[in-house]
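A.B. asks: Please read through the structure below; I'll follow up with questions.
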Amino acid sequence: MTAEMPNWPDWEKRFRAPRVSLPEWAEDAPDRSLFVSNATGTFELYAWDRATGEQRQVTDRPNGTTDGALSPDGQWIWWFSDTDGDEFGVWMRQPFAGGAAQREQDGGADAVGADEPAAPGLEASYPAGLAIGRDGRTAVVGRSTDEDGSTIHVARAGEKPVEIYRHRESAGVGDLSYDGTLIAVEHTEHGDAMHAALRVVRLDGGTVAELDDSKGGTEELGLEVLGFAPVEGDSRLLVGHQRRGRWEPMIWDVATGEELDLALELPGDVGAEWYPDGSALLVVHSFEARSELFRFDLAERELIEVETPKGSVSGATARPDGTVEYLWSSAAEPPQVRSTTGAVVLDPPGMKAPSSVPVEDVWVESPGGRVHALVQRPVGEGPFPTVFEVHGGPTWHDNDAFAAGPAAWVDHGYAVVRVNYRGSTGYGREWTDALKHRVGLIELEDIEAVRKWAVSSGLADPAKLVLSGGSWGGYLTLLGLGTQPESWSLGLSAVPVADYVTAYNDEMEALKSMDRTLLGGTPEEVPERYEASSPLTYVDRVRAPLYISAGVNDPRCPIRQVENYVDRLAARDAVHEVYRYDAGHGSLVVEERIKQVRLELDFATRHLGVSPYRA
């Protein structure tokens, strides 16, 4: 007799339903894969032997694990071990065939397969890239600490790691060449953390080649490493560039300096990776909140569409047999790992996530140009109580992809509006770079323009407007409640920047570099900009009831600066509630995430008078 499934509402089922990431496969052992799943109620790493069908849980930690990598030979699984989500730790490893999740049955911590330090001799740090060599002995490890800035080390089995790179500005490991002789490094030594330059070095740190698009012009242009060609002795590096105002791929031969401009003539941002034999590229084109796939044959210079449903591809990889596997979803349909064979590649057992409603595209004129917004409507006639769900980043964008959080609000009778404000990716470099110096205030101009449209169109009830978001979205929520107090009825802010100066002083070094880029200097150098962009400056103008949640171990939006803001609210008896939880910048525990959404829904119900759960 089987136990009955608890009668959870649909919105909770969407969080609880087992999900999987796109499986990563070992370069020289393609039947061995690594993926992330929430099957146990916490997001952890899983090994999958495709030849036998066996799946095994790799990590088992109270606050979850998502950062992992397979060695190219498929023998080792590397995973990053931090403390309760603080993102500060060391790389560990275990054999593909067994590890932490089966220690007890194998005989305890001393059993074969127990985890071990992957790079002994390297102290704890924030991670800054990792590349594992095909020889099974060599790895290139990027690190970041407040004391040392960015460092890169070559770690060989049985030897002390050797430092080959150091700089105060942010930098990280891009890739290791197929033959293990060259390392591609992304760095921001020129001081602009938004636009990296590239350097290719030997394993001793000696420079082989440089590529820096930030030099010689009035505009800063960025570069990114997409990967070395997967061919022995091949010195071609696939690179992302912004020379025509958007992200596009090109091929740079680091030995000769030759650059092959692919000129794909697609309107949006374009990323790419190599097919396993190096003959073609798998192209991901992101445009106006949706994405599509192509194969680009290098010999024929031909772009061929890889058919996918309308929606968003959040990851894709070409397999040795030429098929493509991809993680797809839409706002209405839950994610699936699919293949161009037509099969579902990895379908977790158990409950399936209920569908939601599709998004509508809206374009609104703002002071910075046309703003793209995605709208989801509940059942019934408007105007509706409306949640403006603001994305984080800020260099990110909302897309036509499945998201359990917005779907929960729709189930409760709210319309949900997501705005790809200036600073968002996917709309060209000029749009992404537009928010410098007037940080936060520019994004809020775009959000305000969409808010006015939502009210005037009859979608939104002007007395029940919620400004909500996490991380940078949480920051914009606090800043919006203070600078636009008449526009918003209620605020929900998760893991926010609340006191910009204190946040700068307490955050990880890489984010200090980003803040200096965005605001044009340190708090001491441009105090007026930090003051103008800090929610703390406007805290006494906040009138709407405000709910704040924060992770006590958060290195990105540290807890002390949140407490400074909360203290100011409390000092004037402003209507607010604060929820502190034992994790970092968000939680990987499903029940914790459900609890946080439930608290937000309850807060909105009490203060807006909206009827409880409807669906």
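Following the order of the structure tokens, first chain is A, next is B, and so on, with residues numbered from 1 inside each chain and ligands from 1 in the order they appear.
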Quick one: everything within 10 Å of range 554-571 of chain A, counting only C-alpha atoms, minus sequence neighbours fewer than 4 positions away in the same chain. Send it as a ChimeraX atom specification.
C.D. replies: /A:84-88,126,471-472,474-475,478,494-512,535-537,539-542,546,548-550,575-578,580,582-586
A.B. asks: I'd like the contact shell of Gly350 in chain A - 12 Å cut-off, only C-alpha atoms, skipping same-chain residues fewer than 4 positions apart - returned as a PyMOL selection string.
C.D. replies: chain A and resi 5+13+16-19+38-40
A.B. asks: What are the DSSP strand (DSSP E or B) residues of range 363-596 of chain A, as a PyMOL selection string?
C.D. replies: chain A and resi 363-366+369-376+384-390+415-420+460-470+490-494+546-551+576-581+584+586+589
A.B. asks: Just want the 6 Å neighbourhood of Asn420 in chain A, counted on only C-alpha atoms, with same-chain residues fewer than 4 positions away dropped. Output as an mmCIF file with all heavy atoms, in the first residue's frame.
C.D. replies:
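Below is the file result-v2.cif, written as the result:
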```cif
data_model
loop_
_atom_site.group_PDB
_atom_site.id
_atom_site.type_symbol
_atom_site.label_atom_id
_atom_site.label_comp_id
_atom_site.auth_asym_id
_atom_site.auth_seq_id
_atom_site.Cartn_x
_atom_site.Cartn_y
_atom_site.Cartn_z
ATOM 1 N N HIS A 372 11.583 46.481 -22.363
ATOM 2 C CA HIS A 372 10.856 45.229 -22.563
ATOM 3 C C HIS A 372 10.408 44.697 -21.203
ATOM 4 O O HIS A 372 11.212 44.584 -20.277
ATOM 5 C CB HIS A 372 11.766 44.201 -23.237
ATOM 6 C CG HIS A 372 11.051 42.971 -23.700
ATOM 7 N ND1 HIS A 372 11.724 41.820 -24.052
ATOM 8 C CD2 HIS A 372 9.732 42.689 -23.877
ATOM 9 C CE1 HIS A 372 10.859 40.894 -24.433
ATOM 10 N NE2 HIS A 372 9.643 41.397 -24.324
ATOM 11 N N HIS A 397 18.987 39.065 -17.122
ATOM 12 C CA HIS A 397 17.688 39.487 -17.657
ATOM 13 C C HIS A 397 16.647 38.418 -17.379
ATOM 14 O O HIS A 397 16.958 37.227 -17.256
ATOM 15 C CB HIS A 397 17.766 39.783 -19.157
ATOM 16 C CG HIS A 397 18.011 38.580 -20.025
ATOM 17 N ND1 HIS A 397 19.265 38.101 -20.303
ATOM 18 C CD2 HIS A 397 17.151 37.761 -20.683
ATOM 19 C CE1 HIS A 397 19.179 37.046 -21.080
ATOM 20 N NE2 HIS A 397 17.896 36.810 -21.333
ATOM 21 N N SER A 424 20.290 45.404 -17.957
ATOM 22 C CA SER A 424 19.997 44.016 -18.288
ATOM 23 C C SER A 424 20.803 43.571 -19.505
ATOM 24 O O SER A 424 21.110 44.362 -20.404
ATOM 25 C CB SER A 424 18.502 43.837 -18.584
ATOM 26 O OG SER A 424 17.704 44.231 -17.490
#
```
A.B. asks: Which residues, written as a ChimeraX atom specification, have at least one atom at most 10 Å from Tyr427 in chain A, with only C-alpha atoms counted and residues fewer than 4 positions away on the same chain left out?
C.D. replies: /A:245-247,267-269,286-289,371-372,397,420-423,431-432
A.B. asks: Keeping only all heavy atoms, take the residues you just selected and write them out as a compact mmCIF listing (two decimals), in the first residue's frame.
C.D. replies:
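The result, stored in out_10.txt:
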```txt
# COMPACT_ATOMS: atom_id res chain seq x y z
N GLY A 245 28.58 45.94 -30.65
CA GLY A 245 27.51 46.39 -29.76
C GLY A 245 26.72 45.29 -29.09
O GLY A 245 25.72 45.57 -28.42
N ARG A 246 27.13 44.04 -29.27
CA ARG A 246 26.47 42.91 -28.61
C ARG A 246 27.49 41.78 -28.50
O ARG A 246 28.56 41.83 -29.12
CB ARG A 246 25.26 42.45 -29.43
CG ARG A 246 25.58 41.97 -30.82
CD ARG A 246 24.33 41.71 -31.65
NE ARG A 246 24.63 41.13 -32.95
CZ ARG A 246 25.00 41.80 -34.03
NH1 ARG A 246 25.14 43.12 -33.95
NH2 ARG A 246 25.24 41.20 -35.18
N TRP A 247 27.16 40.78 -27.72
CA TRP A 247 28.07 39.64 -27.57
C TRP A 247 28.01 38.77 -28.82
O TRP A 247 26.94 38.36 -29.27
CB TRP A 247 27.72 38.81 -26.34
CG TRP A 247 28.18 39.42 -25.06
CD1 TRP A 247 27.39 40.00 -24.10
CD2 TRP A 247 29.53 39.53 -24.60
NE1 TRP A 247 28.18 40.45 -23.06
CE2 TRP A 247 29.49 40.19 -23.34
CE3 TRP A 247 30.76 39.14 -25.11
CZ2 TRP A 247 30.64 40.44 -22.59
CZ3 TRP A 247 31.91 39.41 -24.37
CH2 TRP A 247 31.84 40.05 -23.14
N PRO A 267 20.55 39.16 -34.42
CA PRO A 267 20.32 40.47 -33.79
C PRO A 267 20.63 40.54 -32.30
O PRO A 267 20.87 41.62 -31.77
CB PRO A 267 18.83 40.72 -34.04
CG PRO A 267 18.23 39.36 -34.19
CD PRO A 267 19.28 38.54 -34.87
N GLY A 268 20.59 39.41 -31.59
CA GLY A 268 20.78 39.43 -30.15
C GLY A 268 22.16 39.02 -29.73
O GLY A 268 23.10 38.94 -30.53
N ASP A 269 22.33 38.74 -28.45
CA ASP A 269 23.60 38.25 -27.92
C ASP A 269 23.80 36.81 -28.35
O ASP A 269 22.88 35.98 -28.32
CB ASP A 269 23.62 38.34 -26.40
CG ASP A 269 23.82 39.76 -25.91
OD1 ASP A 269 24.30 40.60 -26.70
OD2 ASP A 269 23.50 40.05 -24.74
N SER A 286 20.41 34.63 -27.91
CA SER A 286 19.45 35.17 -26.96
C SER A 286 18.98 36.53 -27.44
O SER A 286 19.81 37.44 -27.64
CB SER A 286 20.08 35.29 -25.57
OG SER A 286 20.48 34.03 -25.08
N PHE A 287 17.66 36.66 -27.61
CA PHE A 287 17.13 37.90 -28.17
C PHE A 287 15.74 38.15 -27.62
O PHE A 287 14.85 37.29 -27.71
CB PHE A 287 17.10 37.80 -29.70
CG PHE A 287 16.63 39.05 -30.39
CD1 PHE A 287 17.27 40.26 -30.19
CD2 PHE A 287 15.55 39.01 -31.27
CE1 PHE A 287 16.84 41.42 -30.84
CE2 PHE A 287 15.11 40.16 -31.92
CZ PHE A 287 15.77 41.36 -31.70
N GLU A 288 15.56 39.31 -27.01
CA GLU A 288 14.27 39.76 -26.50
C GLU A 288 13.61 38.69 -25.64
O GLU A 288 12.46 38.30 -25.84
CB GLU A 288 13.36 40.20 -27.66
CG GLU A 288 13.92 41.42 -28.38
CD GLU A 288 13.01 41.95 -29.48
OE1 GLU A 288 12.01 41.26 -29.80
OE2 GLU A 288 13.30 43.03 -30.01
N ALA A 289 14.37 38.20 -24.67
CA ALA A 289 13.89 37.32 -23.60
C ALA A 289 13.62 35.88 -24.04
O ALA A 289 13.02 35.12 -23.28
CB ALA A 289 12.64 37.91 -22.93
N VAL A 371 11.61 49.85 -23.25
CA VAL A 371 11.86 48.86 -22.20
C VAL A 371 10.99 47.64 -22.45
O VAL A 371 9.78 47.77 -22.72
CB VAL A 371 11.53 49.43 -20.80
CG1 VAL A 371 11.88 48.41 -19.72
CG2 VAL A 371 12.28 50.72 -20.56
N HIS A 372 11.58 46.48 -22.36
CA HIS A 372 10.86 45.23 -22.56
C HIS A 372 10.41 44.70 -21.20
O HIS A 372 11.21 44.58 -20.28
CB HIS A 372 11.77 44.20 -23.24
CG HIS A 372 11.05 42.97 -23.70
ND1 HIS A 372 11.72 41.82 -24.05
CD2 HIS A 372 9.73 42.69 -23.88
CE1 HIS A 372 10.86 40.89 -24.43
NE2 HIS A 372 9.64 41.40 -24.32
N HIS A 397 18.99 39.07 -17.12
CA HIS A 397 17.69 39.49 -17.66
C HIS A 397 16.65 38.42 -17.38
O HIS A 397 16.96 37.23 -17.26
CB HIS A 397 17.77 39.78 -19.16
CG HIS A 397 18.01 38.58 -20.03
ND1 HIS A 397 19.27 38.10 -20.30
CD2 HIS A 397 17.15 37.76 -20.68
CE1 HIS A 397 19.18 37.05 -21.08
NE2 HIS A 397 17.90 36.81 -21.33
N ASN A 420 12.99 44.27 -17.89
CA ASN A 420 14.41 44.20 -18.27
C ASN A 420 14.95 45.61 -18.44
O ASN A 420 15.17 46.11 -19.55
CB ASN A 420 14.59 43.35 -19.52
CG ASN A 420 14.48 41.86 -19.21
OD1 ASN A 420 14.81 41.42 -18.11
ND2 ASN A 420 14.01 41.09 -20.16
N TYR A 421 15.16 46.24 -17.31
CA TYR A 421 15.61 47.62 -17.20
C TYR A 421 17.02 47.80 -17.79
O TYR A 421 17.74 46.83 -18.06
CB TYR A 421 15.61 48.03 -15.72
CG TYR A 421 16.34 47.06 -14.81
CD1 TYR A 421 17.73 46.98 -14.79
CD2 TYR A 421 15.63 46.19 -13.98
CE1 TYR A 421 18.40 46.11 -13.95
CE2 TYR A 421 16.29 45.30 -13.14
CZ TYR A 421 17.68 45.26 -13.14
OH TYR A 421 18.34 44.37 -12.32
N ARG A 422 17.41 49.07 -17.98
CA ARG A 422 18.79 49.35 -18.40
C ARG A 422 19.77 48.71 -17.39
O ARG A 422 19.62 48.86 -16.19
CB ARG A 422 19.02 50.85 -18.48
CG ARG A 422 18.59 51.48 -19.79
CD ARG A 422 18.65 52.99 -19.72
NE ARG A 422 17.55 53.53 -18.91
CZ ARG A 422 17.41 54.80 -18.56
NH1 ARG A 422 18.33 55.69 -18.95
NH2 ARG A 422 16.38 55.21 -17.87
N GLY A 423 20.77 48.05 -17.93
CA GLY A 423 21.66 47.23 -17.13
C GLY A 423 21.46 45.75 -17.42
O GLY A 423 22.35 44.93 -17.18
N TRP A 431 22.74 49.10 -23.80
CA TRP A 431 21.69 48.96 -22.79
C TRP A 431 22.28 48.43 -21.48
O TRP A 431 21.95 48.91 -20.39
CB TRP A 431 20.60 48.03 -23.32
CG TRP A 431 19.35 47.99 -22.50
CD1 TRP A 431 18.99 47.04 -21.58
CD2 TRP A 431 18.29 48.96 -22.50
NE1 TRP A 431 17.78 47.34 -21.01
CE2 TRP A 431 17.32 48.52 -21.57
CE3 TRP A 431 18.08 50.14 -23.19
CZ2 TRP A 431 16.15 49.22 -21.33
CZ3 TRP A 431 16.90 50.85 -22.95
CH2 TRP A 431 15.96 50.39 -22.02
N THR A 432 23.17 47.46 -21.58
CA THR A 432 23.77 46.87 -20.38
C THR A 432 24.65 47.87 -19.65
O THR A 432 24.68 47.92 -18.42
CB THR A 432 24.60 45.63 -20.76
OG1 THR A 432 23.75 44.69 -21.43
CG2 THR A 432 25.20 44.97 -19.53
```
A.B. asks: From the set A:Arg377, A:Gly240, A:Asp10, A:Val419, which residue has the shortest atom-to-atom contact distance to Lys352 in chain A, counting only C-alpha atoms?
C.D. replies: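 Checking each of A:Arg377, A:Gly240, A:Asp10, A:Val419 against Lys352 in chain A, counting only C-alpha atoms, the winner is A:Asp10.
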A.B. asks: Do a neighbour search on His437 in chain A at 7 Å with only C-alpha atoms, toss out local chain neighbours closer than 5 positions, and write the hits as a PyMOL selection string.
C.D. replies: chain A and resi 518-520+529
A.B. asks: One number please: CA of Ile152 in chain A to CA of Ile164 in chain A, in Å, one decimal.
C.D. replies: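 If I compute the distance from CA of Ile152 in chain A to CA of Ile164 in chain A, I get 5.8 Å.
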A.B. asks: Skip Lys452 in chain A itself and residues of its chain fewer than 4 positions away, then list as an mmCIF file with all heavy atoms, in the first residue's frame all residues within 10 Å of it, counting only C-alpha atoms.
C.D. replies:
```
data_model
loop_
_atom_site.group_PDB
_atom_site.id
_atom_site.type_symbol
_atom_site.label_atom_id
_atom_site.label_comp_id
_atom_site.auth_asym_id
_atom_site.auth_seq_id
_atom_site.Cartn_x
_atom_site.Cartn_y
_atom_site.Cartn_z
ATOM 1 N N VAL A 364 7.541 49.459 -23.541
ATOM 2 C CA VAL A 364 7.133 50.749 -22.981
ATOM 3 C C VAL A 364 8.259 51.759 -23.189
ATOM 4 O O VAL A 364 9.438 51.437 -22.986
ATOM 5 C CB VAL A 364 6.813 50.611 -21.471
ATOM 6 C CG1 VAL A 364 6.471 51.959 -20.866
ATOM 7 C CG2 VAL A 364 5.679 49.606 -21.251
ATOM 8 N N ILE A 447 11.607 51.031 -14.532
ATOM 9 C CA ILE A 447 10.553 50.326 -13.800
ATOM 10 C C ILE A 447 9.344 51.230 -13.586
ATOM 11 O O ILE A 447 8.195 50.806 -13.708
ATOM 12 C CB ILE A 447 11.108 49.806 -12.457
ATOM 13 C CG1 ILE A 447 12.181 48.733 -12.722
ATOM 14 C CG2 ILE A 447 10.002 49.247 -11.579
ATOM 15 C CD1 ILE A 447 12.992 48.362 -11.501
ATOM 16 N N GLU A 448 9.589 52.499 -13.283
ATOM 17 C CA GLU A 448 8.491 53.454 -13.091
ATOM 18 C C GLU A 448 7.698 53.651 -14.378
ATOM 19 O O GLU A 448 6.464 53.756 -14.360
ATOM 20 C CB GLU A 448 9.051 54.783 -12.603
ATOM 21 C CG GLU A 448 8.034 55.920 -12.516
ATOM 22 C CD GLU A 448 6.953 55.701 -11.463
ATOM 23 O OE1 GLU A 448 7.063 54.751 -10.655
ATOM 24 O OE2 GLU A 448 5.970 56.481 -11.451
ATOM 25 N N SER A 456 -2.237 52.493 -16.237
ATOM 26 C CA SER A 456 -3.058 53.145 -17.263
ATOM 27 C C SER A 456 -3.725 52.138 -18.206
ATOM 28 O O SER A 456 -4.798 52.415 -18.752
ATOM 29 C CB SER A 456 -2.204 54.126 -18.077
ATOM 30 O OG SER A 456 -1.205 53.436 -18.797
ATOM 31 N N SER A 457 -3.115 50.967 -18.383
ATOM 32 C CA SER A 457 -3.681 49.956 -19.279
ATOM 33 C C SER A 457 -4.803 49.171 -18.632
ATOM 34 O O SER A 457 -5.491 48.395 -19.311
ATOM 35 C CB SER A 457 -2.583 48.982 -19.717
ATOM 36 O OG SER A 457 -2.148 48.176 -18.616
ATOM 37 N N ALA A 460 -3.083 46.803 -13.671
ATOM 38 C CA ALA A 460 -2.693 46.858 -12.267
ATOM 39 C C ALA A 460 -3.609 47.770 -11.459
ATOM 40 O O ALA A 460 -3.979 48.863 -11.901
ATOM 41 C CB ALA A 460 -1.249 47.347 -12.147
ATOM 42 N N PRO A 462 -3.851 50.378 -8.819
ATOM 43 C CA PRO A 462 -2.860 51.333 -8.298
ATOM 44 C C PRO A 462 -2.751 51.333 -6.789
ATOM 45 O O PRO A 462 -1.758 51.836 -6.252
ATOM 46 C CB PRO A 462 -3.383 52.680 -8.819
ATOM 47 C CG PRO A 462 -4.834 52.461 -9.092
ATOM 48 C CD PRO A 462 -4.957 51.040 -9.522
ATOM 49 N N SER A 487 4.632 55.585 -5.337
ATOM 50 C CA SER A 487 4.353 54.643 -6.422
ATOM 51 C C SER A 487 4.012 53.240 -5.931
ATOM 52 O O SER A 487 3.392 52.471 -6.672
ATOM 53 C CB SER A 487 5.572 54.551 -7.361
ATOM 54 O OG SER A 487 5.796 55.777 -8.019
#
```
A.B. asks: Using Å and a single decimal, report how far CA of Gly53 in chain A sits from CA of Arg32 in chain A.
C.D. replies: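 Pair CA of Arg32 in chain A / CA of Gly53 in chain A returns 10.1 Å.
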A.B. asks: Rounded to one decimal place, report the CA of Val313 in chain A-CA of Ala26 in chain A distance in Å.
C.D. replies: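 Between CA of Val313 in chain A and CA of Ala26 in chain A the gap is 21.4 Å.
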A.B. asks: Can you list, as a PyMOL selection string, all residues belonging to range 388-615 of chain A that DSSP tags as alpha helix (DSSP H)?
C.D. replies: chain A and resi 404-411+429-433+441-456+472-483+500-506+509-519+527-533+559-571+590-608
A.B. asks: Here is a test: counting only C-alpha atoms, which residue of A:Ala97, A:Val379, A:Val208, A:Ala449 is nearest to Ala184 in chain A?
C.D. replies: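 So, comparing all the options, the nearest one is A:Val208.
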A.B. asks: From the options A:Gly405, A:Ala604, A:Glu259, A:Arg243, which residue's atoms come nearest to Gly428 in chain A, counting only C-alpha atoms?
C.D. replies: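 Selected residue with least distance to Gly428 in chain A: A:Arg243.
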